[in-house]
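Peer 1: Contents are compact mmCIF, C-alpha atoms; file name structure-v6.txt:
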# COMPACT_ATOMS: atom_id res chain seq x y z
CA MET E 22 -29.93 66.82 53.30
CA LYS E 23 -27.57 69.41 54.76
CA ILE E 24 -24.06 69.80 53.37
CA SER E 25 -21.26 71.28 55.49
CA ILE E 26 -18.08 72.16 53.61
CA ALA E 27 -14.96 73.80 55.00
CA VAL E 28 -13.13 75.52 52.16
CA ASN E 29 -9.89 77.50 52.19
CA LEU E 30 -9.90 79.64 49.02
CA GLU E 31 -6.98 81.68 47.72
CA ILE E 32 -8.39 84.43 45.48
CA GLU E 33 -6.20 86.89 43.62
CA VAL E 34 -7.77 90.31 43.15
CA LYS E 35 -6.43 93.25 41.12
CA ASN E 36 -8.52 96.10 42.54
CA CYS E 37 -11.38 96.82 44.93
CA ASN E 38 -14.02 97.45 42.25
CA LEU E 39 -17.20 95.61 43.21
CA LEU E 40 -17.78 94.31 39.67
CA HIS E 41 -14.26 92.87 39.53
CA LEU E 42 -14.62 91.30 42.97
CA SER E 43 -17.97 89.77 42.01
CA LYS E 44 -16.50 88.16 38.87
CA VAL E 45 -13.49 86.83 40.73
CA PHE E 46 -15.69 85.42 43.47
CA LEU E 47 -18.02 83.67 41.02
CA SER E 48 -15.11 82.21 39.06
CA SER E 49 -13.67 80.76 42.27
CA LEU E 50 -16.87 78.95 43.18
CA GLY E 51 -16.03 75.98 40.94
CA ILE E 52 -14.13 74.22 43.75
CA VAL E 53 -17.00 74.66 46.21
CA PHE E 54 -19.62 73.70 43.63
CA SER E 55 -17.69 70.55 42.77
CA GLN E 56 -17.76 69.42 46.39
CA ILE E 57 -21.47 70.19 46.74
CA VAL E 58 -22.30 68.16 43.64
CA SER E 59 -20.11 65.27 44.82
CA GLU E 60 -21.77 65.09 48.23
CA ALA E 61 -25.26 65.40 46.81
CA VAL E 62 -24.86 62.82 44.06
CA ARG E 63 -23.52 60.18 46.47
CA HIS E 64 -26.26 60.83 49.03
CA TYR E 65 -29.18 60.83 46.62
CA GLY E 66 -27.70 58.04 44.52
CA GLN E 67 -27.86 55.76 47.57
CA GLU E 68 -31.31 57.06 48.51
CA TYR E 69 -32.75 56.56 45.01
CA LYS E 70 -31.31 53.05 44.85
CA LEU E 71 -33.02 52.05 48.10
CA SER E 72 -36.36 53.61 47.10
CA GLY E 73 -36.34 52.03 43.64
CA GLU E 74 -36.32 55.37 41.82
CA LEU E 75 -32.87 54.68 40.36
CA GLY E 76 -34.13 51.43 38.85
CA ALA E 77 -37.11 53.26 37.37
CA GLN E 78 -34.83 55.85 35.77
CA LEU E 79 -32.66 53.11 34.34
CA GLY E 80 -35.71 51.20 33.12
CA ASP E 81 -34.62 48.06 34.95
CA GLU E 82 -36.76 46.13 37.44
CA GLY E 83 -34.07 43.65 38.48
CA LYS E 84 -31.56 43.78 41.31
CA ILE E 85 -29.15 46.71 41.40
CA SER E 86 -25.92 46.86 43.38
CA TRP E 87 -23.11 49.36 43.59
CA LYS E 88 -19.92 48.82 41.64
CA GLN E 89 -18.49 52.20 42.56
CA LEU E 90 -20.02 54.64 45.05
CA ASN E 91 -17.04 56.08 46.89
CA GLY E 92 -14.27 55.36 44.40
CA LYS E 93 -11.78 57.81 42.92
CA SER E 94 -13.00 57.73 39.31
CA THR E 95 -14.33 61.11 38.23
CA THR E 96 -15.98 62.73 35.23
CA LYS E 97 -15.58 66.33 34.04
CA LEU E 98 -18.46 68.75 33.50
CA HIS E 99 -18.66 72.32 32.21
CA THR E 100 -20.90 74.34 34.51
CA LEU E 101 -21.73 78.02 34.91
CA PHE E 102 -19.00 78.23 37.55
CA GLY E 103 -16.31 76.64 35.39
CA LYS E 104 -15.03 73.12 34.86
CA ILE E 105 -15.61 70.71 37.74
CA GLU E 106 -14.90 67.07 38.50
CA VAL E 107 -17.54 64.88 40.13
CA PRO E 108 -17.45 61.19 41.13
CA GLN E 109 -18.35 58.67 38.45
CA LEU E 110 -20.90 56.40 40.15
CA GLN E 111 -21.40 52.95 38.65
CA VAL E 112 -23.93 50.20 39.37
CA TYR E 113 -24.36 46.55 38.44
CA LEU E 114 -27.61 45.55 36.76
CA HIS E 115 -28.10 41.88 37.60
CA GLN E 116 -29.61 39.96 34.68
CA SER E 117 -31.84 36.90 34.90
CA ASP E 118 -29.11 34.69 33.39
CA GLY E 119 -26.70 35.61 36.20
CA SER E 120 -24.65 38.12 34.22
CA LYS E 121 -24.04 41.69 35.32
CA GLN E 122 -24.22 44.86 33.25
CA VAL E 123 -22.30 47.98 34.30
CA LYS E 124 -24.04 51.36 34.07
CA ASN E 125 -22.67 54.86 34.76
CA VAL E 126 -25.35 56.80 36.63
CA THR E 127 -23.78 60.14 37.59
CA ARG E 128 -25.10 62.02 34.55
CA LEU E 129 -28.51 60.39 34.92
CA LEU E 130 -28.77 61.53 38.54
CA ILE E 131 -27.70 65.15 38.06
CA GLY E 132 -29.47 65.89 34.76
CA VAL E 133 -26.75 65.68 32.11
CA SER E 134 -27.30 63.89 28.81
CA PRO E 135 -25.10 60.83 28.08
CA TYR E 136 -21.60 61.61 26.79
CA GLN E 137 -22.15 65.35 27.31
CA ARG E 138 -20.29 67.78 29.54
CA LEU E 139 -22.82 70.61 29.50
CA PRO E 140 -25.73 70.16 31.95
CA ASP E 141 -29.14 70.08 30.30
CA TYR E 142 -30.39 73.18 32.13
CA VAL E 143 -27.40 75.17 30.84
CA LYS E 144 -28.21 74.04 27.29
CA ARG E 145 -31.80 75.20 27.72
CA MET E 146 -30.57 78.56 28.99
CA MET E 147 -28.16 78.92 26.06
CA GLY E 148 -30.80 77.87 23.54
CA VAL E 149 -33.35 80.43 24.76
CA LEU E 150 -30.75 83.22 24.87
CA SER E 151 -29.68 82.34 21.32
CA SER E 152 -33.28 82.64 20.12
CA LEU E 153 -33.73 86.04 21.76
CA CYS E 154 -30.47 87.60 20.56
CA SER E 155 -27.42 86.75 18.47
CA TYR E 156 -24.91 84.08 19.51
CA ARG E 157 -22.34 86.80 20.23
CA ALA E 158 -24.79 88.73 22.44
CA ALA E 159 -25.85 85.53 24.22
CA GLN E 160 -22.22 84.73 24.96
CA SER E 161 -21.67 88.27 26.27
CA CYS E 162 -24.75 88.06 28.51
CA MET E 163 -23.47 84.95 30.25
CA THR E 164 -19.93 86.30 30.52
CA LEU E 165 -21.11 89.58 32.03
CA LEU E 166 -22.76 87.61 34.81
CA GLY E 167 -19.39 86.15 35.67
CA TRP E 168 -20.21 82.68 34.38
CA MET E 169 -18.02 80.46 32.27
CA LYS E 170 -17.43 81.63 28.69
CA PHE E 171 -18.81 79.11 26.21
CA GLY E 172 -17.88 79.08 22.52
CA TYR E 173 -20.23 80.00 19.69
CA GLY E 174 -20.32 76.35 18.61
CA SER E 175 -21.68 75.41 22.02
CA PHE E 176 -24.51 77.91 21.60
CA ARG E 177 -25.39 76.56 18.14
CA ARG E 178 -25.39 72.96 19.34
CA ALA E 179 -27.40 73.87 22.45
CA THR E 180 -30.01 75.64 20.28
CA ALA E 181 -30.39 72.59 18.03
CA TRP E 182 -30.58 70.33 21.12
CA VAL E 183 -33.37 72.41 22.70
CA ALA E 184 -35.33 72.65 19.43
CA ASP E 185 -35.21 68.87 18.89
CA ARG E 186 -36.71 68.29 22.34
CA LEU E 187 -39.31 71.04 22.17
CA SER E 188 -42.71 69.49 21.47
CA LEU E 189 -45.44 71.41 19.67
CA GLY E 190 -49.02 70.48 18.89
CA VAL E 191 -52.67 71.44 19.14
CA ASN E 192 -53.78 73.12 22.35
CA LYS E 193 -56.75 71.10 23.64
CA LYS E 194 -58.11 74.18 25.41
CA GLY E 195 -57.90 76.30 22.25
CA THR E 196 -60.53 77.00 19.58
CA SER E 197 -61.12 75.21 16.27
CA GLU E 198 -59.85 78.25 14.31
CA PHE E 199 -56.32 78.16 12.89
CA VAL E 200 -54.15 80.49 10.84
CA ALA E 201 -51.32 79.61 8.45
CA ASP E 202 -48.76 81.79 6.72
CA GLY E 203 -45.19 81.80 5.44
CA THR E 204 -42.34 84.31 5.47
CA GLY E 205 -39.09 84.53 3.54
CA ILE E 206 -35.85 83.68 5.32
CA GLY E 207 -32.36 84.42 4.03
CA THR E 208 -30.51 81.10 4.03
CA LEU E 209 -27.19 79.95 2.57
CA LYS E 210 -27.05 79.94 -1.25
CA THR E 211 -30.73 80.87 -1.60
CA GLY E 212 -30.60 84.68 -1.62
CA LYS E 213 -32.07 87.32 0.66
CA ARG E 214 -35.43 85.54 1.13
CA GLY E 215 -34.63 82.20 -0.46
CA SER E 216 -36.38 79.83 1.95
CA GLU E 217 -39.92 79.96 3.27
CA LEU E 218 -40.57 79.57 6.98
CA LYS E 219 -44.01 77.95 7.29
CA VAL E 220 -46.03 78.57 10.45
CA LEU E 221 -49.33 77.06 11.64
CA ALA E 222 -50.94 78.62 14.72
CA GLN E 223 -54.15 78.14 16.69
CA TYR E 224 -56.40 80.84 18.15
CA CYS E 225 -56.95 80.47 21.88
CA LYS E 226 -60.19 81.45 23.60
CA ASP E 227 -58.66 84.71 24.82
CA GLY E 228 -57.72 85.68 21.26
CA SER E 229 -54.01 84.92 21.59
CA LEU E 230 -52.08 82.57 19.30
CA HIS E 231 -50.61 79.15 20.09
CA LEU E 232 -47.85 77.75 17.86
CA VAL E 233 -48.96 74.34 16.51
CA ASN E 234 -46.24 73.50 13.99
CA ILE E 235 -43.36 75.10 12.11
CA GLY E 236 -41.30 74.09 9.09
CA ILE E 237 -38.91 75.45 6.47
CA GLY E 238 -38.39 74.70 2.80
CA LYS E 239 -38.99 75.93 -0.74
CA TYR E 240 -41.68 78.41 -1.68
CA MET E 241 -44.99 76.97 -2.89
CA SER E 242 -44.02 73.49 -1.67
CA LYS E 243 -47.26 71.53 -1.31
CA ALA E 244 -45.48 68.66 0.45
CA GLY E 245 -44.10 71.07 3.05
CA TRP E 246 -47.54 72.51 3.84
CA VAL E 247 -49.18 69.08 3.94
CA ALA E 248 -46.56 68.02 6.51
CA LEU E 249 -47.20 71.20 8.49
CA PHE E 250 -50.91 70.35 8.85
CA GLU E 251 -50.12 66.82 10.08
CA PRO E 252 -50.92 67.62 13.78
CA LEU E 253 -54.46 68.59 12.75
CA ARG E 254 -55.01 65.30 10.92
CA GLU E 255 -53.78 63.37 13.96
CA THR E 256 -55.95 65.32 16.43
CA PHE E 257 -59.19 65.82 14.50
CA GLU E 258 -60.95 63.04 12.62
CA GLY E 259 -64.23 62.67 10.79
CA ALA E 260 -66.91 65.20 11.69
CA ALA E 261 -64.57 67.08 14.02
CA ALA E 262 -62.26 67.92 11.08
CA LYS E 263 -65.14 69.55 9.18
CA GLU E 264 -65.62 72.02 12.04
CA LEU E 265 -62.07 73.35 11.68
CA SER E 266 -61.37 76.64 9.93
CA VAL E 267 -58.11 78.00 8.51
CA LEU E 268 -57.37 81.67 7.92
CA MET E 269 -54.85 82.07 5.07
CA ASP E 270 -53.80 84.17 2.11
CA GLY E 271 -54.28 83.08 -1.49
CA CYS E 272 -51.35 80.64 -1.58
CA LYS E 273 -52.47 77.41 -3.32
CA ALA E 274 -49.85 75.38 -1.44
CA ILE E 275 -51.36 76.40 1.93
CA LEU E 276 -54.81 75.54 0.58
CA SER E 277 -53.55 72.05 -0.39
CA GLY E 278 -52.22 71.56 3.14
CA ALA E 279 -55.53 72.63 4.70
CA LYS E 280 -57.53 70.39 2.34
CA SER E 281 -55.33 67.43 3.31
CA VAL E 282 -56.96 67.55 6.76
CA HIS E 283 -60.48 67.36 5.31
CA GLU E 284 -61.97 68.35 1.98
CA ARG E 285 -64.76 70.29 3.66
CA ILE E 286 -62.56 72.24 6.06
CA LYS E 287 -63.62 75.91 6.29
CA ILE E 288 -61.32 78.35 4.52
CA GLN E 289 -61.32 82.09 5.21
CA ARG E 290 -59.41 84.39 2.86
CA ASP E 291 -57.25 86.78 4.87
CA ILE E 292 -58.55 90.32 4.28
CA TRP E 293 -55.28 92.02 5.21
CA HIS E 294 -53.34 90.15 2.53
CA ILE E 295 -55.72 91.06 -0.31
CA CYS E 296 -54.70 94.73 -0.62
CA HIS E 297 -51.11 93.94 0.37
CA GLN E 298 -50.65 91.31 -2.35
CA LEU E 299 -52.51 93.41 -4.91
CA LYS E 300 -49.52 95.79 -4.98
CA TYR E 301 -47.40 93.06 -6.54
CA TYR E 302 -49.84 92.49 -9.40
CA ILE E 303 -50.18 96.24 -9.89
CA TRP E 304 -46.42 96.33 -10.36
CA LYS E 305 -46.53 93.43 -12.83
CA ASP E 306 -49.21 95.18 -14.92
CA LYS E 307 -47.35 98.50 -14.72
CA VAL E 308 -50.52 100.25 -13.56
CA SER E 309 -50.38 104.04 -13.71
CA LYS E 310 -50.18 105.97 -10.44
CA LEU E 311 -53.71 107.38 -10.81
CA HIS E 312 -55.24 103.99 -11.55
CA LYS E 313 -53.21 102.40 -8.77
CA ILE E 314 -54.71 104.71 -6.14
CA ALA E 315 -58.26 104.21 -7.41
CA LEU E 316 -57.92 100.42 -7.66
CA ILE E 317 -56.49 99.97 -4.17
CA LYS E 318 -59.13 102.31 -2.72
CA ASN E 319 -62.03 100.42 -4.30
CA VAL E 320 -60.69 96.98 -3.33
CA PHE E 321 -60.08 98.17 0.23
CA LYS E 322 -63.67 99.41 0.45
CA ALA E 323 -64.91 96.07 -0.84
CA VAL E 324 -63.05 93.85 1.63
CA SER E 325 -62.54 96.02 4.73
CA ILE E 326 -65.00 95.03 7.47
CA THR E 327 -64.69 98.46 9.08
CA TRP E 328 -67.06 99.81 6.44
CA TYR E 329 -69.87 97.51 7.66
CA ARG E 330 -71.24 97.01 4.15
CA PRO E 331 -73.55 94.09 3.35
CA LYS E 332 -72.08 91.17 1.44
CA GLU E 333 -73.92 92.06 -1.79
CA GLU E 334 -72.52 95.60 -1.86
CA CYS E 335 -68.99 94.34 -1.23
CA LEU E 336 -69.26 91.89 -4.12
CA GLU E 337 -70.54 94.67 -6.37
CA LEU E 338 -67.49 96.77 -5.53
CA MET E 339 -65.21 93.83 -6.28
CA ALA E 340 -67.01 93.23 -9.59
CA SER E 341 -66.55 96.88 -10.59
CA ALA E 342 -62.82 96.65 -9.78
CA ILE E 343 -62.54 93.49 -11.90
CA LEU E 344 -64.37 95.15 -14.83
CA PHE E 345 -62.08 98.17 -14.50
CA CYS E 346 -59.03 95.91 -14.80
CA ASP E 347 -60.60 94.17 -17.79
CA ARG E 348 -61.16 97.47 -19.61
CA GLN E 349 -57.63 98.66 -18.89
CA GLN E 350 -56.07 95.29 -19.84
CA TYR E 351 -54.64 94.75 -16.35
CA LYS E 352 -54.74 90.95 -16.70
CA HIS E 353 -52.68 90.03 -13.63
CA CYS E 354 -54.77 92.24 -11.36
CA GLN E 355 -57.99 90.92 -12.91
CA ASN E 356 -57.11 87.26 -12.40
CA TYR E 357 -55.92 87.94 -8.86
CA LEU E 358 -59.11 89.79 -7.83
CA MET E 359 -61.30 87.08 -9.36
CA GLY E 360 -59.52 84.52 -7.18
CA CYS E 361 -59.96 86.72 -4.11
CA CYS E 362 -63.76 86.44 -4.23
CA GLU E 363 -63.61 82.79 -3.18
CA HIS E 364 -63.68 82.15 0.61
CA LEU E 365 -64.04 85.89 1.25
CA PHE E 366 -67.15 85.76 3.48
CA THR E 367 -66.66 82.42 5.24
CA PHE E 368 -66.34 84.24 8.59
CA GLU E 369 -69.83 85.69 8.08
CA GLU E 370 -71.47 82.52 6.76
CA GLN E 371 -69.90 80.18 9.34
CA GLU E 372 -69.87 82.72 12.22
CA LEU E 373 -66.10 82.67 12.65
CA VAL E 374 -64.37 85.07 15.01
CA HIS E 375 -61.30 85.95 12.94
CA GLU E 376 -61.14 87.33 9.41
CA ASN E 377 -57.69 88.92 9.26
CA SER E 378 -54.25 87.69 10.24
CA SER E 379 -52.88 90.78 11.99
CA LYS E 380 -51.76 88.65 14.96
CA MET E 381 -50.02 86.18 12.66
CA GLU E 382 -48.19 89.08 11.00
CA ARG E 383 -47.01 90.12 14.47
CA MET E 384 -45.75 86.58 14.95
CA MET E 385 -43.87 86.81 11.64
CA ARG E 386 -42.33 90.11 12.74
CA THR E 387 -41.16 88.40 15.93
CA VAL E 388 -39.42 85.76 13.80
CA ASN E 389 -37.81 88.22 11.38
CA GLN E 390 -36.41 90.34 14.20
CA ARG E 391 -34.05 87.42 14.85
CA MET E 392 -33.76 86.00 11.32
CA ASP E 393 -32.52 89.32 9.92
CA ILE E 394 -29.33 88.93 11.99
CA GLY E 395 -26.81 86.71 10.22
CA VAL E 396 -27.05 84.11 7.46
CA TRP E 397 -28.66 80.79 8.26
CA THR E 398 -28.80 77.18 7.26
CA ASP E 399 -32.31 75.79 7.03
CA GLN E 400 -31.80 73.72 10.19
CA GLY E 401 -30.35 76.63 12.17
CA ALA E 402 -33.11 79.04 11.15
CA LEU E 403 -35.81 76.49 11.99
CA ALA E 404 -34.32 75.74 15.42
CA VAL E 405 -34.03 79.39 16.45
CA ALA E 406 -37.49 80.33 15.10
CA LYS E 407 -39.11 77.34 16.84
CA ILE E 408 -37.65 78.22 20.25
CA ARG E 409 -38.33 81.94 19.83
CA LEU E 410 -42.01 81.50 18.93
CA ALA E 411 -42.55 78.85 21.60
CA TYR E 412 -41.02 81.24 24.16
CA PHE E 413 -43.32 84.14 23.25
CA TYR E 414 -46.52 82.31 22.30
CA ASN E 415 -46.58 78.88 24.00
CA GLY E 416 -45.35 79.89 27.43
CA PHE E 417 -42.14 77.85 27.05
CA ARG E 418 -39.73 78.70 29.85
CA PRO E 419 -36.58 76.63 30.46
CA ASN E 420 -36.64 75.08 33.92
CA MET E 421 -33.55 76.54 35.52
CA ALA E 422 -33.99 74.93 38.92
CA ALA E 423 -35.39 71.69 40.22
Turn the structure described in the file into structure tokens.

Peer 2:
Amino acid sequence: MKISIAVNLEIEVKNCNLLHLSKVFLSSLGIVFSQIVSEAVRHYGQEYKLSGELGAQLGDEGKISWKQLNGKSTTKLHTLFGKIEVPQLQVYLHQSDGSKQVKNVTRLLIGVSPYQRLPDYVKRMMGVLSSLCSYRAAQSCMTLLGWMKFGYGSFRRATAWVADRLSLGVNKKGTSEFVADGTGIGTLKTGKRGSELKVLAQYCKDGSLHLVNIGIGKYMSKAGWVALFEPLRETFEGAAAKELSVLMDGCKAILSGAKSVHERIKIQRDIWHICHQLKYYIWKDKVSKLHKIALIKNVFKAVSITWYRPKEECLELMASAILFCDRQQYKHCQNYLMGCCEHLFTFEEQELVHENSSKMERMMRTVNQRMDIGVWTDQGALAVAKIRLAYFYNGFRPNMAA
């Protein structure tokens, strides 16, 4: 289809600066764009009706006839080039009992959700921009390009809209190794890190991560982690579930979620977290500076795979660290290190590829780069984090053009 439009535009300019002229020109394109959309929607509406594609989109196999194709009724839309008016096309759906049902089809044909004025592709653009930067910066980016200025509320609603329609799940081409972790998010009335963002990811064959599921809720919430592992229960059943492995820290709630998939699922204790979390228990026991350095050094030697020590020697080093804590009455450190010995060498026994969650920590950093800007509701934080991680790790790119 070729569209020929003769337009007589009156454009008021204030100077000859190229940036100013570009913005004025783009803002004046609304009239031309409105005519292009009007011509296209009438042409393809008729074509889709004759080919049966319109009936398929409406989910109706009966007879369809036009109620209004060239009438004067219009509907308003908010596009990148400003507000436009396009014809409101209507059809009759002929029922088997002889009655007729009226349907508006303009939004269906051009890709706009029912009762909405923002096109779907603009919402996807706004949602992705809002996940990459703040709402204010996203608004500025679109305005600098000379496009219509949308309010902050539009960006928030667009982000929620995109997140609700963004599907996650297990990558069928990925491996059977998964990693789970949580990070604190500052949400309303919960403090600086009051809510826990829960993330489940899958290792791909090239070593990269694929986001499987994401959730938000209270710390140590077993129900939240069980819900997070739901895609694994739906995808893997019986013997296949026993072949799965999950890399995680010592959180009992995450362990409950993993065990909900299958009791014999393989669990690997994350080596990176062991020394990192030990600092908290050292603080609780008020360990002296000299003992702190020695304890961390010995535990690091015991668990770090870069030392290439045999399993027996590593366990001996852990046992000596535990006995040291027992002699010095460091009860919190002792109990923590005793729990660390479980699932420590699963990667060696089961020949797993991954034994530390450095890539998951990079994923968490990607989340917090955005979460540290502003104060969030649980729903808002989840929506932005979901889009952001899917953009960087799942190859999600909003389709800007047909």

Peer 1: Calculated over all atoms listed in the file, which of the candidates E:Ile295, E:Ala184, E:Leu110, E:Leu71 has the smallest distance to Gln89 in chain E?

Peer 2: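 Answer, going by the shortest atom-to-atom distance: E:Leu110.
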
Peer 1: Between CA of Cys225 in chain E and CA of Val374 in chain E, what distance in Å does the model show, to one decimal?

Peer 2: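 Rounded to one decimal, the two atoms are 11.1 Å apart.
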
Peer 1: If we count all atoms listed in the file, what is near range 28-43 of chain E at a cut-off of 9 Å, once residues fewer than 3 positions away on the same chain are taken out, given as a list in words?

Peer 2: Phe46, Leu47, Ser48, Ser49, Ile52, Val53, Leu166 and Gly167 of chain E

Peer 1: Of the candidates E:Val324, E:Leu165, E:Lys104, E:Gln78, which shows the shortest atom-to-atom distance to Val45 in chain E, using all atoms listed in the file?

Peer 2: E:Leu165

Peer 1: As an exercise, work out the distance from CA of Ile206 in chain E to CA of Ile237 in chain E in Å and give it to one decimal place.

Peer 2: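 These atoms are spaced 8.9 Å apart.
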
Peer 1: Between E:Gly80, E:Gly259, E:Gly172, E:Gly360, single out the one closest to Ala158 in chain E, counting all atoms listed in the file.

Peer 2: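 Using all atoms listed in the file, Ala158 in chain E sits closest to E:Gly172.
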
Peer 1: Could you please determine the separation between CA of Leu189 in chain E and CA of Lys210 in chain E in Å, to one decimal place?

Peer 2: 29.1 Å

Peer 1: Restricting the calculation to only C-alpha atoms, which member of E:Ser325, E:Asn377, E:Gln349, E:Asn415 is positioned closest to His312 in chain E?

Peer 2: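 Ranking E:Ser325, E:Asn377, E:Gln349, E:Asn415 by distance to His312 in chain E, first place goes to E:Gln349.
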
Peer 1: With only C-alpha atoms counted, which protein, DNA or RNA residues have an atom no more than 12 Å from (-61.2, 97.7, 1.2) in the file frame? Please answer as a PDB file with C-alpha atoms, in the coordinates of the input.

Peer 2:
ATOM      1  CA  ILE E 292     -58.550  90.320   4.280  1.00  0.00           C
ATOM      2  CA  TRP E 293     -55.280  92.020   5.210  1.00  0.00           C
ATOM      3  CA  HIS E 294     -53.340  90.150   2.530  1.00  0.00           C
ATOM      4  CA  ILE E 295     -55.720  91.060  -0.310  1.00  0.00           C
ATOM      5  CA  CYS E 296     -54.700  94.730  -0.620  1.00  0.00           C
ATOM      6  CA  HIS E 297     -51.110  93.940   0.370  1.00  0.00           C
ATOM      7  CA  LEU E 299     -52.510  93.410  -4.910  1.00  0.00           C
ATOM      8  CA  ALA E 315     -58.260 104.210  -7.410  1.00  0.00           C
ATOM      9  CA  LEU E 316     -57.920 100.420  -7.660  1.00  0.00           C
ATOM     10  CA  ILE E 317     -56.490  99.970  -4.170  1.00  0.00           C
ATOM     11  CA  LYS E 318     -59.130 102.310  -2.720  1.00  0.00           C
ATOM     12  CA  ASN E 319     -62.030 100.420  -4.300  1.00  0.00           C
ATOM     13  CA  VAL E 320     -60.690  96.980  -3.330  1.00  0.00           C
ATOM     14  CA  PHE E 321     -60.080  98.170   0.230  1.00  0.00           C
ATOM     15  CA  LYS E 322     -63.670  99.410   0.450  1.00  0.00           C
ATOM     16  CA  ALA E 323     -64.910  96.070  -0.840  1.00  0.00           C
ATOM     17  CA  VAL E 324     -63.050  93.850   1.630  1.00  0.00           C
ATOM     18  CA  SER E 325     -62.540  96.020   4.730  1.00  0.00           C
ATOM     19  CA  ILE E 326     -65.000  95.030   7.470  1.00  0.00           C
ATOM     20  CA  THR E 327     -64.690  98.460   9.080  1.00  0.00           C
ATOM     21  CA  TRP E 328     -67.060  99.810   6.440  1.00  0.00           C
ATOM     22  CA  TYR E 329     -69.870  97.510   7.660  1.00  0.00           C
ATOM     23  CA  ARG E 330     -71.240  97.010   4.150  1.00  0.00           C
ATOM     24  CA  GLU E 334     -72.520  95.600  -1.860  1.00  0.00           C
ATOM     25  CA  CYS E 335     -68.990  94.340  -1.230  1.00  0.00           C
ATOM     26  CA  LEU E 336     -69.260  91.890  -4.120  1.00  0.00           C
ATOM     27  CA  LEU E 338     -67.490  96.770  -5.530  1.00  0.00           C
ATOM     28  CA  MET E 339     -65.210  93.830  -6.280  1.00  0.00           C
ATOM     29  CA  ALA E 342     -62.820  96.650  -9.780  1.00  0.00           C
TER      30      ALA E 342
END

Peer 1: Which polymer residues, whether protein, DNA or RNA, lie within 7 Å of the coordinate (-54.8, 80.8, 11.8) when you count all atoms listed in the file? List them as a PyMOL selection string, using the chain letters and numbers from the file.

Peer 2: chain E and resi 198-201+221-224+267-269

Peer 1: What's around Trp397 in chain E at 7 Å? Count only C-alpha atoms, leave out sequence neighbours fewer than 3 positions away in its own chain, and write the answer as a list in words.

Peer 2: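 Returned residues: Gly207, Thr208, Leu209, Gly401 and Ala402 of chain E.
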
Peer 1: Of the candidates E:Lys307, E:Lys124, E:Lys170, E:Arg63, which one gets nearest to Asp81 in chain E if we count only C-alpha atoms?

Peer 2: E:Lys124

Peer 1: Excluding same-chain residues fewer than 4 positions from Val133 in chain E, what lies within 10 Å of it counting all atoms listed in the file, as a ChimeraX atom specification?

Peer 2: /E:98,127-129,137-144

Peer 1: Might you pull out every residue within 9 Å of Phe366 in chain E, with all atoms listed in the file counted and same-chain residues fewer than 3 positions away left off, and present them as a list in words?

Peer 2: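 After dropping sequence-adjacent residues, the list is Gln289, Arg290, Lys332, Cys362, Glu363, Glu369, Glu370, Gln371 and Glu376 of chain E.
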
Peer 1: Do you know which residues are at most 10 Å from Val112 in chain E counting all atoms listed in the file, after dropping those on the same chain fewer than 3 positions away, and could you put them as a PyMOL selection string?

Peer 2: chain E and resi 70+85-90+115+121-126

Peer 1: Next, the residues of the selection above should be written as a PDB file, in the coordinates of the input with C-alpha atoms.

Peer 2:
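Result written to result_3.pdb:
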ATOM      1  CA  LYS E  70     -31.310  53.050  44.850  1.00  0.00           C
ATOM      2  CA  ILE E  85     -29.150  46.710  41.400  1.00  0.00           C
ATOM      3  CA  SER E  86     -25.920  46.860  43.380  1.00  0.00           C
ATOM      4  CA  TRP E  87     -23.110  49.360  43.590  1.00  0.00           C
ATOM      5  CA  LYS E  88     -19.920  48.820  41.640  1.00  0.00           C
ATOM      6  CA  GLN E  89     -18.490  52.200  42.560  1.00  0.00           C
ATOM      7  CA  LEU E  90     -20.020  54.640  45.050  1.00  0.00           C
ATOM      8  CA  HIS E 115     -28.100  41.880  37.600  1.00  0.00           C
ATOM      9  CA  LYS E 121     -24.040  41.690  35.320  1.00  0.00           C
ATOM     10  CA  GLN E 122     -24.220  44.860  33.250  1.00  0.00           C
ATOM     11  CA  VAL E 123     -22.300  47.980  34.300  1.00  0.00           C
ATOM     12  CA  LYS E 124     -24.040  51.360  34.070  1.00  0.00           C
ATOM     13  CA  ASN E 125     -22.670  54.860  34.760  1.00  0.00           C
ATOM     14  CA  VAL E 126     -25.350  56.800  36.630  1.00  0.00           C
TER      15      VAL E 126
END

Peer 1: So, counting all atoms listed in the file, which residue among E:Gly92, E:Gln111, E:Thr180, E:Glu217 is closest to Cys154 in chain E?

Peer 2: E:Thr180
